[in-house]
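Novice: PDB, C-alpha atoms and all ligand atoms, saved as entry_27.pdb, coming up:
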ATOM      1  CA  MET A   1     119.411 104.096 294.791
ATOM      2  CA  GLY A   2     120.489 107.057 292.666
ATOM      3  CA  ASP A   3     121.432 110.561 293.730
ATOM      4  CA  ARG A   4     118.885 112.923 295.190
ATOM      5  CA  TRP A   5     119.148 116.575 294.228
ATOM      6  CA  ARG A   6     118.176 119.780 295.983
ATOM      7  CA  ILE A   7     116.930 122.191 293.305
ATOM      8  CA  GLU A   8     116.728 125.951 293.793
ATOM      9  CA  VAL A   9     115.671 128.811 291.546
ATOM     10  CA  ASP A  10     116.996 132.283 292.320
ATOM     11  CA  ARG A  11     113.841 134.313 291.749
ATOM     12  CA  GLY A  12     115.820 137.525 291.875
ATOM     13  CA  VAL A  13     117.585 136.368 288.719
ATOM     14  CA  CYS A  14     114.817 134.425 286.902
ATOM     15  CA  ILE A  15     113.402 136.360 283.944
ATOM     16  CA  GLY A  16     110.438 134.043 283.451
ATOM     17  CA  SER A  17     111.459 132.773 280.042
ATOM     18  CA  GLY A  18     109.769 129.439 280.732
ATOM     19  CA  MET A  19     112.577 127.474 279.115
ATOM     20  CA  CYS A  20     113.050 125.290 282.197
ATOM     21  CA  VAL A  21     109.356 124.375 282.127
ATOM     22  CA  SER A  22     109.631 123.470 278.445
ATOM     23  CA  THR A  23     112.769 121.411 278.989
ATOM     24  CA  ALA A  24     111.682 119.684 282.215
ATOM     25  CA  PRO A  25     107.897 120.035 282.572
ATOM     26  CA  GLY A  26     107.919 117.666 285.539
ATOM     27  CA  GLY A  27     110.692 119.588 287.263
ATOM     28  CA  PHE A  28     109.614 123.232 287.109
ATOM     29  CA  ARG A  29     106.492 125.345 286.999
ATOM     30  CA  LEU A  30     105.861 129.065 286.561
ATOM     31  CA  ASP A  31     103.750 130.970 289.085
ATOM     32  CA  GLY A  32     101.361 133.805 288.230
ATOM     33  CA  ALA A  33     104.233 136.291 288.244
ATOM     34  CA  ARG A  34     106.120 134.118 285.707
ATOM     35  CA  GLN A  35     108.678 133.095 288.283
ATOM     36  CA  SER A  36     109.995 129.559 288.106
ATOM     37  CA  HIS A  37     109.761 127.130 291.013
ATOM     38  CA  PRO A  38     110.979 123.559 291.257
ATOM     39  CA  VAL A  39     107.998 121.205 291.428
ATOM     40  CA  GLU A  40     109.863 119.458 294.232
ATOM     41  CA  THR A  41     112.806 121.051 296.022
ATOM     42  CA  GLU A  42     114.268 117.573 296.502
ATOM     43  CA  ALA A  43     114.007 115.053 293.679
ATOM     44  CA  ASP A  44     115.799 112.163 292.058
ATOM     45  CA  ALA A  45     118.652 113.157 289.776
ATOM     46  CA  SER A  46     117.237 113.864 286.343
ATOM     47  CA  GLU A  47     118.811 114.491 282.964
ATOM     48  CA  ALA A  48     115.890 116.797 282.066
ATOM     49  CA  VAL A  49     116.353 118.953 285.190
ATOM     50  CA  LEU A  50     120.096 119.204 284.509
ATOM     51  CA  ALA A  51     119.377 120.177 280.889
ATOM     52  CA  ALA A  52     116.929 122.832 282.140
ATOM     53  CA  ALA A  53     119.549 124.258 284.487
ATOM     54  CA  GLU A  54     122.130 124.278 281.713
ATOM     55  CA  GLY A  55     119.694 125.930 279.320
ATOM     56  CA  CYS A  56     118.525 128.678 281.657
ATOM     57  CA  PRO A  57     119.593 131.886 279.917
ATOM     58  CA  VAL A  58     120.416 133.645 283.194
ATOM     59  CA  GLU A  59     121.734 130.658 285.205
ATOM     60  CA  ALA A  60     119.042 131.038 287.840
ATOM     61  CA  ILE A  61     118.881 127.311 288.620
ATOM     62  CA  ALA A  62     121.219 125.678 291.123
ATOM     63  CA  ILE A  63     121.420 121.963 291.855
ATOM     64  CA  ARG A  64     123.152 120.345 294.822
ATOM     65  CA  LEU A  65     123.448 116.779 296.017
ATOM     66  CA  SER A  66     120.968 116.394 298.876
ATOM     67  CA  GLU A  67     123.233 114.158 300.879
ATOM     68  CA  THR A  68     126.491 116.113 300.771
ATOM     69  CA  GLY A  69     125.487 119.556 299.506
ATOM     70  CA  GLU A  70     128.028 119.219 296.714
ATOM     71  CA  GLN A  71     127.235 121.549 293.840
ATOM     72  CA  VAL A  72     126.135 119.773 290.660
ATOM     73  CA  PHE A  73     125.163 122.889 288.700
ATOM     74  CA  PRO A  74     126.504 125.422 287.996
ATOM     75  CA  PRO A  75     129.604 123.252 287.742
ATOM     76  CA  THR A  76     132.626 123.888 289.872
ATOM     77  CA  SER A  77     136.062 122.597 289.010
ATOM     78  CA  SER A  78     135.591 119.714 291.443
ATOM     79  CA  SER A  79     131.932 118.858 290.786
ATOM     80  CA  ALA A  80     131.078 115.429 289.487
ATOM     81  CA  GLY A  81     128.627 114.792 286.677
ATOM     82  CA  ARG A  82     129.276 118.006 284.799
ATOM     83  CA  ARG A  83     128.971 117.914 281.066
ATOM     84  CA  PRO A  84     131.863 118.734 278.805
ATOM     85  CA  PRO A  85     131.333 122.060 276.983
ATOM     86  CA  GLU A  86     130.594 120.407 273.625
ATOM     87  CA  GLN A  87     127.569 118.641 275.161
ATOM     88  CA  ARG A  88     126.031 121.745 276.734
ATOM     89  CA  PRO A  89     123.164 123.526 274.976
ATOM     90  CA  PRO A  90     124.033 126.916 273.516
ATOM     91  CA  ARG A  91     123.293 129.998 275.613
ATOM     92  CA  LEU A  92     120.670 132.335 274.245
ATOM     93  CA  ASP A  93     121.702 135.832 273.291
ATOM     94  CA  LEU A  94     118.790 137.926 274.566
ATOM     95  CA  ARG A  95     120.165 141.264 273.442
ATOM     96  CA  PRO A  96     117.964 143.010 270.867
ATOM     97  CA  SER A  97     119.242 142.726 267.354
ATOM     98  CA  PRO A  98     120.547 146.049 265.964
ATOM     99  CA  ARG A  99     118.775 145.202 262.669
ATOM    100  CA  THR A 100     115.462 144.905 264.503
ATOM    101  CA  ALA A 101     115.935 148.259 266.152
ATOM    102  CA  ILE A 102     116.534 150.233 262.954
ATOM    103  CA  SER A 103     114.529 148.385 260.329
ATOM    104  CA  VAL A 104     111.448 150.199 259.001
ATOM    105  CA  TRP A 105     108.888 148.378 256.929
ATOM    106  CA  ARG A 106     107.880 150.073 253.672
ATOM    107  CA  PRO A 107     105.595 148.789 250.947
ATOM    108  CA  ARG A 108     107.350 147.838 247.727
ATOM    109  CA  GLY A 109     108.096 150.754 245.469
ATOM    110  CA  CYS A 110     107.603 153.263 248.226
ATOM    111  CA  ALA A 111     110.655 155.427 248.614
ATOM    112  CA  PRO A 112     111.315 157.352 251.801
ATOM    113  CA  ARG A 113     110.203 160.995 251.689
ATOM    114  CA  SER A 114     112.889 163.520 251.034
ATOM    115  CA  SER A 115     112.752 166.649 253.098
ATOM    116  CA  GLY A 116     112.656 169.983 251.320
TER
HETATM  117  S1  LIG B 201     114.766 129.025 282.361
HETATM  118 FE1  LIG B 201     115.680 130.292 283.992
HETATM  119  S2  LIG B 201     114.945 132.357 283.561
HETATM  120 FE2  LIG B 201     113.630 130.962 282.408
HETATM  121  S3  LIG B 201     111.876 130.577 283.765
HETATM  122 FE3  LIG B 201     113.387 128.956 284.138
HETATM  123  S4  LIG B 201     114.623 129.693 285.857
HETATM  124 FE4  LIG B 201     113.517 131.458 285.043
END
Can you dump the structure from the file as structure tokens?
Specialist:
Amino acid sequence: MGDRWRIEVDRGVCIGSGMCVSTAPGGFRLDGARQSHPVETEADASEAVLAAAEGCPVEAIAIRLSETGEQVFPPTSSSAGRRPPEQRPPRLDLRPSPRTAISVWRPRGCAPRSSG
């Protein structure tokens, strides 16, 4: 029999992006307040659940081995089963783009008004 995992979501950290639900629809669900919950707090080890934890933009998902409590994710220096960095999905940069903040749409040929 394979490993069993204990899956937790820190709802004080979760921003409700829904990425975990997209990555592991059988592992997570969002409640009415857009907070993520594991579908089952204890489940068989799953590549999709690990990918969801790795892809969470705020690292709100923690996974431990049910039997020993050993931390699977986020990885510690001694944890087994962690992925090398080149296999991890990229983190999202959720900061607003400076270009988005200052860009103003104008129709073609319409110059900004000059004052005076
Ligand atoms: S990916 Fe992370 S922040 Fe987004 S809903 Fe899931 S737990 Fe919350």
Novice: I'd like the interatomic distance between atom CA of A:Val39 and atom CA of A:Arg6, to a tenth of an Å.
Specialist: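 About the pair atom CA of A:Val39 and atom CA of A:Arg6: they are 11.2 Å apart.
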Novice: Measuring between all atoms listed in the file, which one of A:Glu47, A:Thr41, A:Phe28, A:Cys56 shows the shortest distance to ligand LIG 201 (chain B)?
Specialist: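 Going through A:Glu47, A:Thr41, A:Phe28, A:Cys56 one by one, the smallest distance to ligand LIG 201 (chain B) is for A:Cys56.
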Novice: Determine the residue set returned by the PyMOL selection byres (((chain A and resi 7) around 8) and not hetatm) for the present structure, and present it as an MDAnalysis selection string.
Specialist: chainID A and resid 5:6 8:9 38 40:43 61:64
Novice: The PyMOL selection byres (((not hetatm)) within 9 of (chain B and resi 201)) - which residues does that actually catch in the file I just gave you? List them as a PyMOL selection string.
Specialist: chain A and resi 9-11+13-23+28-30+34-38+52-61
Novice: Box time for stretch 39-50 of chain A: axis-aligned, enclosing all its listed atoms, 8 Å extra on each side; report centre and edge lengths in Å to one decimal, as AutoDock Vina command-line options.
Specialist:
--center_x 114.0 --center_y 116.7 --center_z 289.3 --size_x 28.1 --size_y 25.0 --size_z 30.4
Novice: Would you compute the distance between atom CA of A:Thr68 and atom CA of A:Ala51? Give it in Å to one decimal.
Specialist: 21.5 Å
Novice: Kindly give the distance, in Å, that separates atom CA of A:Leu65 and atom CA of A:Arg4, rounded to a single decimal.
Specialist: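 Going from atom CA of A:Leu65 over to atom CA of A:Arg4, I get 6.0 Å.
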Novice: Would you please work out which residue, of A:Asp3, A:Ala33, A:Gly109, A:Ala24, is nearest to A:Gly69 when using all atoms listed in the file?
Specialist: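 Of the candidates, the smallest distance to A:Gly69 is held by A:Asp3.
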